[in-house]
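**Q** As input, take run-v2.cif (mmCIF, C-alpha atoms):
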data_start
#
loop_
_atom_site.label_atom_id
_atom_site.label_comp_id
_atom_site.auth_asym_id
_atom_site.auth_seq_id
_atom_site.Cartn_x
_atom_site.Cartn_y
_atom_site.Cartn_z
CA ALA A 290 12.09 -15.02 -5.88
CA LEU A 291 10.81 -14.64 -2.32
CA ASN A 292 14.34 -15.19 -1.03
CA TYR A 293 15.55 -12.34 -3.23
CA CYS A 294 12.72 -10.17 -1.84
CA GLU A 295 13.87 -10.92 1.71
CA VAL A 296 17.49 -10.13 0.79
CA SER A 297 16.31 -6.88 -0.79
CA GLN A 298 14.49 -5.95 2.42
CA GLU A 299 17.69 -6.50 4.43
CA PHE A 300 19.68 -4.31 2.04
CA TRP A 301 16.98 -1.62 2.22
CA GLN A 302 17.02 -1.54 6.01
CA LYS A 303 20.81 -1.08 5.87
CA GLY A 304 20.40 1.83 3.45
CA GLU A 305 22.00 -0.11 0.56
CA LEU A 306 19.40 0.92 -2.00
CA ASP A 307 21.23 -0.13 -5.17
CA ASN A 308 21.75 -3.65 -3.80
CA ALA A 309 18.12 -3.76 -2.71
CA LEU A 310 16.95 -2.86 -6.23
CA GLU A 311 19.34 -5.38 -7.79
CA ALA A 312 17.89 -8.18 -5.65
CA LEU A 313 14.36 -7.20 -6.70
CA ASP A 314 15.41 -7.15 -10.35
CA GLN A 315 16.68 -10.71 -9.97
CA ALA A 316 13.43 -11.76 -8.30
CA TYR A 317 11.42 -10.21 -11.13
CA ALA A 318 13.55 -11.92 -13.78
CA LEU A 319 12.92 -15.28 -12.12
CA ILE A 320 9.15 -15.05 -12.09
CA LEU A 321 9.02 -13.82 -15.70
CA ASP A 322 10.52 -17.18 -16.75
CA VAL A 323 7.84 -19.19 -14.95
CA ASP A 324 5.44 -20.97 -17.32
CA THR A 325 2.06 -21.00 -15.60
CA SER A 326 0.40 -22.94 -18.50
CA ASP A 327 -3.13 -21.85 -17.62
CA GLN A 328 -2.84 -23.02 -14.02
CA PRO A 329 -5.01 -20.57 -12.04
CA LYS A 330 -3.15 -21.08 -8.76
CA LEU A 331 0.26 -20.43 -10.33
CA ILE A 332 -1.08 -17.49 -12.32
CA GLN A 333 -2.35 -15.87 -9.11
CA GLN A 334 0.92 -16.54 -7.26
CA LYS A 335 2.88 -15.03 -10.13
CA GLU A 336 0.68 -11.92 -10.17
CA ASP A 337 0.94 -11.56 -6.39
CA LEU A 338 4.74 -11.70 -6.61
CA ARG A 339 4.85 -9.24 -9.49
CA PHE A 340 2.71 -6.84 -7.46
CA LEU A 341 4.88 -7.27 -4.35
CA ILE A 342 8.11 -6.70 -6.27
CA SER A 343 6.74 -3.68 -8.15
CA LYS A 344 5.48 -2.15 -4.91
CA ARG A 345 8.86 -2.64 -3.22
CA ILE A 346 10.70 -1.08 -6.16
CA LEU A 347 8.45 1.99 -6.00
CA GLU A 348 8.92 2.26 -2.22
CA ILE A 349 12.70 2.10 -2.55
CA TYR A 350 12.74 4.78 -5.24
CA ALA A 351 10.44 6.91 -3.09
CA SER A 352 12.80 6.52 -0.14
CA ARG A 353 15.95 7.25 -2.16
CA ASN A 354 15.89 10.89 -1.02
CA ILE A 355 15.17 9.93 2.58
CA VAL A 356 17.33 6.95 3.47
CA VAL A 357 21.06 7.62 3.32
CA ASN A 358 23.03 4.81 4.93
CA GLY A 359 21.00 4.84 8.12
CA ASN A 360 21.02 8.60 8.73
CA PHE A 361 17.72 9.73 10.20
CA ASN A 362 17.80 13.33 9.12
CA ALA A 363 15.27 14.04 6.39
CA ILE A 364 11.50 14.05 6.11
CA PRO A 365 10.17 14.91 2.67
CA ILE A 366 7.96 17.99 2.56
CA VAL A 367 5.27 17.58 -0.05
CA ILE A 368 2.57 20.15 -0.72
CA ASN A 369 -0.45 18.82 -2.56
CA HIS A 370 -4.19 19.43 -2.24
CA HIS A 371 -4.50 16.94 0.63
CA VAL A 372 -1.75 18.65 2.63
CA GLN A 373 -3.08 22.11 1.81
CA LYS A 374 -6.53 21.05 3.00
CA GLU A 375 -5.05 20.08 6.39
CA ILE A 376 -3.07 23.33 6.60
CA ASP A 377 -6.24 25.31 5.91
CA ARG A 378 -8.15 23.32 8.53
CA PHE A 379 -5.63 24.25 11.21
CA THR A 380 -5.05 27.88 10.19
CA THR A 381 -8.43 29.15 9.01
CA GLY A 382 -10.83 26.24 9.55
CA PHE A 383 -12.59 24.66 12.52
CA GLU A 384 -9.33 23.35 14.05
CA ARG A 385 -7.78 26.84 14.31
CA ASN A 386 -8.46 27.32 18.04
CA PHE A 387 -7.20 23.82 18.80
CA PHE A 388 -4.03 24.57 16.85
CA ILE A 389 -3.38 27.86 18.66
CA GLU A 390 -3.96 26.34 22.11
CA SER A 391 -1.78 23.32 21.29
CA TYR A 392 0.97 25.54 19.93
CA ARG A 393 0.97 27.58 23.16
CA ARG A 394 1.25 24.40 25.26
CA SER A 395 4.04 23.04 23.05
CA GLY A 396 6.58 25.51 24.45
CA ARG A 397 6.46 23.75 27.79
CA TYR A 398 7.37 20.32 26.39
CA ARG A 399 9.23 20.70 23.09
CA PRO A 400 12.69 21.06 24.72
CA TYR A 401 12.24 17.56 26.22
CA ILE A 402 10.91 16.20 22.95
CA VAL A 403 13.57 17.72 20.72
CA GLY A 404 16.29 16.50 23.10
CA ALA A 405 14.91 12.94 23.01
CA LEU A 406 14.73 12.98 19.22
CA LYS A 407 18.29 14.29 18.89
CA GLU A 408 19.55 11.57 21.26
CA ALA A 409 17.96 8.98 18.97
CA GLY A 410 19.31 10.66 15.81
CA LEU A 411 15.83 11.46 14.51
CA PRO A 412 14.54 14.54 12.65
CA GLU A 413 13.49 17.43 14.85
CA GLU A 414 10.31 17.86 12.77
CA LEU A 415 8.87 14.82 14.56
CA SER A 416 8.56 17.01 17.66
CA TRP A 417 5.26 18.30 16.26
CA LEU A 418 3.59 14.88 16.26
CA PRO A 419 2.14 15.42 19.77
CA LEU A 420 0.20 18.39 18.40
CA ILE A 421 -1.86 15.95 16.34
CA GLU A 422 -1.77 13.11 18.86
CA SER A 423 -2.71 14.98 22.04
CA GLY A 424 -2.63 18.74 21.52
CA PHE A 425 0.45 18.65 23.80
CA LYS A 426 -1.67 17.55 26.77
CA THR A 427 0.16 15.22 29.17
CA LYS A 428 -3.15 13.92 30.56
CA ALA A 429 -4.90 13.44 27.21
CA PHE A 430 -6.80 10.13 27.29
CA SER A 431 -8.56 8.55 24.31
CA LYS A 432 -11.35 5.98 23.91
CA ALA A 433 -8.64 3.48 22.89
CA ARG A 434 -7.02 4.06 26.33
CA ALA A 435 -4.12 5.96 24.75
CA LEU A 436 -2.56 8.35 27.27
CA GLY A 437 -0.13 11.25 27.39
CA LEU A 438 1.62 13.55 24.94
CA TRP A 439 2.41 10.69 22.59
CA GLN A 440 -0.85 8.76 23.05
CA PHE A 441 0.64 5.34 23.77
CA ILE A 442 -1.89 2.56 24.28
CA PRO A 443 -0.97 0.29 27.23
CA SER A 444 0.26 -2.68 25.17
CA THR A 445 2.64 -0.59 23.05
CA GLY A 446 3.68 1.65 25.93
CA ARG A 447 4.81 -1.32 28.05
CA LEU A 448 7.38 -2.18 25.37
CA PHE A 449 9.20 1.08 26.07
CA MET A 450 8.37 2.25 29.60
CA ARG A 451 6.79 1.33 32.92
CA ILE A 452 3.01 1.08 33.03
CA ASP A 453 1.42 -0.66 36.00
CA SER A 454 -0.99 -0.06 38.89
CA VAL A 455 1.57 2.16 40.65
CA ILE A 456 3.33 4.11 37.90
CA ASP A 457 2.29 5.13 34.40
CA GLU A 458 5.24 6.76 32.62
CA ARG A 459 3.10 7.75 29.64
CA ARG A 460 2.31 10.96 31.57
CA ASP A 461 6.00 11.84 31.93
CA PRO A 462 7.03 14.21 29.07
CA LEU A 463 10.69 13.17 29.05
CA ILE A 464 10.28 9.41 29.49
CA SER A 465 7.40 9.19 27.02
CA SER A 466 9.33 11.28 24.48
CA ARG A 467 12.30 8.94 24.69
CA ALA A 468 9.91 6.00 24.30
CA ALA A 469 8.28 7.64 21.26
CA ALA A 470 11.71 8.26 19.72
CA ARG A 471 12.61 4.58 20.09
CA PHE A 472 9.25 3.53 18.65
CA LEU A 473 9.55 5.91 15.68
CA ARG A 474 13.07 4.77 14.93
CA GLN A 475 11.93 1.14 15.09
CA ASN A 476 9.14 1.90 12.62
CA TYR A 477 11.54 3.69 10.30
CA GLU A 478 14.02 0.82 10.33
CA LYS A 479 11.24 -1.62 9.43
CA LEU A 480 9.46 0.47 6.80
CA GLY A 481 12.21 2.58 5.24
CA THR A 482 10.34 5.88 4.82
CA TRP A 483 9.18 8.55 7.24
CA PRO A 484 5.65 8.85 5.82
CA LEU A 485 5.14 5.12 6.44
CA ALA A 486 6.85 5.21 9.84
CA ILE A 487 4.66 8.10 11.00
CA THR A 488 1.51 6.44 9.67
CA ALA A 489 2.45 3.23 11.49
CA TYR A 490 2.95 5.21 14.71
CA ASN A 491 -0.65 6.35 14.57
CA HIS A 492 -2.35 3.36 12.97
CA GLY A 493 -0.23 0.42 14.14
#
Would you encode the structure as structure tokens?

**A**
Amino acid sequence: ALNYCEVSQEFWQKGELDNALEALDQAYALILDVDTSDQPKLIQQKEDLRFLISKRILEIYASRNIVVNGNFNAIPIVINHHVQKEIDRFTTGFERNFFIESYRRSGRYRPYIVGALKEAGLPEELSWLPLIESGFKTKAFSKARALGLWQFIPSTGRLFMRIDSVIDERRDPLISSRAAARFLRQNYEKLGTWPLAITAYNHG
């Protein structure tokens, strides 16, 4: 069953959603036939697998409108009370001034950002991530030692650009934007949906 789950993951990353679901169906059919006979360890393993398979199936269905054979061109726009609360916070709430100042600064850097995203084949909407990450400040520095427009921490930043005692490319709008595009695409290829890929960018 675990082998089928791994095969499903490979199909999902390729954008072959029907094959991914078929592999999960086969995995589910296998574990349904397992006789646990009141063995607590087997019962728990069976439940864990059922949960994993069910979760994957839901994720694939959720990504059906997003993943189309590897094309990175759609982020779902969902308006619910959580999203509306954030919109209100930035338009009429205590973050309004921050939003206005960040938006003004964005004009200086978005051409670099949009260009980097287009080069990587990613949605242009991702160009607004630095508003949340740094307020479009190239020198923004956090307690976690994240720096620049895209708030790379040193360990992650070194995977995509030069960071040493002489040069720190996290401050460079173009280089850091290209690095962020590669990182976001990597997340998307691993996780299969933009909401998860964006969450992973911020939370690891």

**Q** Mind pulling up the distance from atom CA of A:Phe300 to atom CA of A:Leu448?

**A**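 Between atom CA of A:Leu448 and atom CA of A:Phe300 the gap is 26.5 Å.
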
**Q** Using only C-alpha atoms, can you list as a PyMOL selection string the residues within 6 Å of (6.5, 10.8, 4.0)?

**A** chain A and resi 365+483-484

**Q** Restrict the selected residues to C-alpha atoms and save them as a CSV table (one decimal), in the frame of the given file.

**A**
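Contents of the output file selection04.csv:
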chain,number,residue,atom,x,y,z
A,365,PRO,CA,10.2,14.9,2.7
A,483,TRP,CA,9.2,8.6,7.2
A,484,PRO,CA,5.6,8.8,5.8

**Q** Hey, which of A:Asn369, A:Ser466, A:Thr488, A:Thr325 ends up closest to A:Leu406? Count all atoms listed in the file.

**A** A:Ser466

**Q** Which residues are near A:Ser423? Cut-off 10 Å, only C-alpha atoms, ignore same chain within fewer than 4 positions. Put them as a ChimeraX atom specification.

**A** /A:391,418-419,427-431,435-440

**Q** Could you tell me how far atom CA of A:Ala312 lies from atom CA of A:Phe340, in Å and to one decimal?

**A**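 Rounded to one decimal, the two atoms are 15.3 Å apart.
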
**Q** Counting all atoms listed in the file, which residue out of A:Glu375, A:Glu422, A:Asp461, A:Glu414 sits closest to A:Tyr401?

**A**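 Nearest to A:Tyr401: A:Asp461.
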
**Q** What does the structure give for the distance between atom CA of A:Ala486 and atom CA of A:Phe472, in Å to one decimal?

**A**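 Straight-line distance from atom CA of A:Ala486 to atom CA of A:Phe472 works out to 9.3 Å.
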
**Q** Exactly which residues make up the result of the PyMOL selection byres ((chain A and resi 395) around 10) on this file, given as a list in words?

**A** Ile389, Glu390, Ser391, Tyr392, Arg393, Arg394, Gly396, Arg397, Tyr398, Arg399, Pro400, Ile402, Ser416, Trp417, Pro419, Leu420, Gly424, Phe425, Lys426 and Leu438 of chain A

**Q** With the file shown as input, list the residues that the PyMOL selection byres ((chain A and resi 341) around 12) selects, as a VMD selection string.

**A** chain A and resid 290 to 291 293 to 295 297 to 298 313 316 to 317 320 334 to 340 342 to 348

**Q** Save the residues we just selected, C-alpha atoms, as a PDB file, in the frame of the given file?

**A**
ATOM      1  CA  ALA A 290      12.090 -15.020  -5.880  1.00  0.00           C
ATOM      2  CA  LEU A 291      10.810 -14.640  -2.320  1.00  0.00           C
ATOM      3  CA  TYR A 293      15.550 -12.340  -3.230  1.00  0.00           C
ATOM      4  CA  CYS A 294      12.720 -10.170  -1.840  1.00  0.00           C
ATOM      5  CA  GLU A 295      13.870 -10.920   1.710  1.00  0.00           C
ATOM      6  CA  SER A 297      16.310  -6.880  -0.790  1.00  0.00           C
ATOM      7  CA  GLN A 298      14.490  -5.950   2.420  1.00  0.00           C
ATOM      8  CA  LEU A 313      14.360  -7.200  -6.700  1.00  0.00           C
ATOM      9  CA  ALA A 316      13.430 -11.760  -8.300  1.00  0.00           C
ATOM     10  CA  TYR A 317      11.420 -10.210 -11.130  1.00  0.00           C
ATOM     11  CA  ILE A 320       9.150 -15.050 -12.090  1.00  0.00           C
ATOM     12  CA  GLN A 334       0.920 -16.540  -7.260  1.00  0.00           C
ATOM     13  CA  LYS A 335       2.880 -15.030 -10.130  1.00  0.00           C
ATOM     14  CA  GLU A 336       0.680 -11.920 -10.170  1.00  0.00           C
ATOM     15  CA  ASP A 337       0.940 -11.560  -6.390  1.00  0.00           C
ATOM     16  CA  LEU A 338       4.740 -11.700  -6.610  1.00  0.00           C
ATOM     17  CA  ARG A 339       4.850  -9.240  -9.490  1.00  0.00           C
ATOM     18  CA  PHE A 340       2.710  -6.840  -7.460  1.00  0.00           C
ATOM     19  CA  ILE A 342       8.110  -6.700  -6.270  1.00  0.00           C
ATOM     20  CA  SER A 343       6.740  -3.680  -8.150  1.00  0.00           C
ATOM     21  CA  LYS A 344       5.480  -2.150  -4.910  1.00  0.00           C
ATOM     22  CA  ARG A 345       8.860  -2.640  -3.220  1.00  0.00           C
ATOM     23  CA  ILE A 346      10.700  -1.080  -6.160  1.00  0.00           C
ATOM     24  CA  LEU A 347       8.450   1.990  -6.000  1.00  0.00           C
ATOM     25  CA  GLU A 348       8.920   2.260  -2.220  1.00  0.00           C
TER      26      GLU A 348
END

**Q** Taking the file as shown, find all residues satisfying the PyMOL selection byres ((chain A and resi 465) around 9) and write them as JSON, numbers by chain.

**A** {"A": [402, 437, 438, 439, 441, 446, 449, 450, 458, 459, 460, 461, 462, 463, 464, 466, 467, 468, 469, 470]}

**Q** Check the smallest atom-to-atom distance from each of A:Leu411, A:Ile366, A:Asp307, A:Pro443 to A:Glu478 using all atoms listed in the file, then report the winner.

**A**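 Counting all atoms listed in the file, the residue closest to A:Glu478 is A:Leu411.
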
**Q** Between A:Ile332, A:Ser454, A:Val403, A:Pro412, which residue has the minimum interatomic distance to A:Tyr477, considering only C-alpha atoms?

**A**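 Looking only at the distances to A:Tyr477, the closest residue turns out to be A:Pro412.
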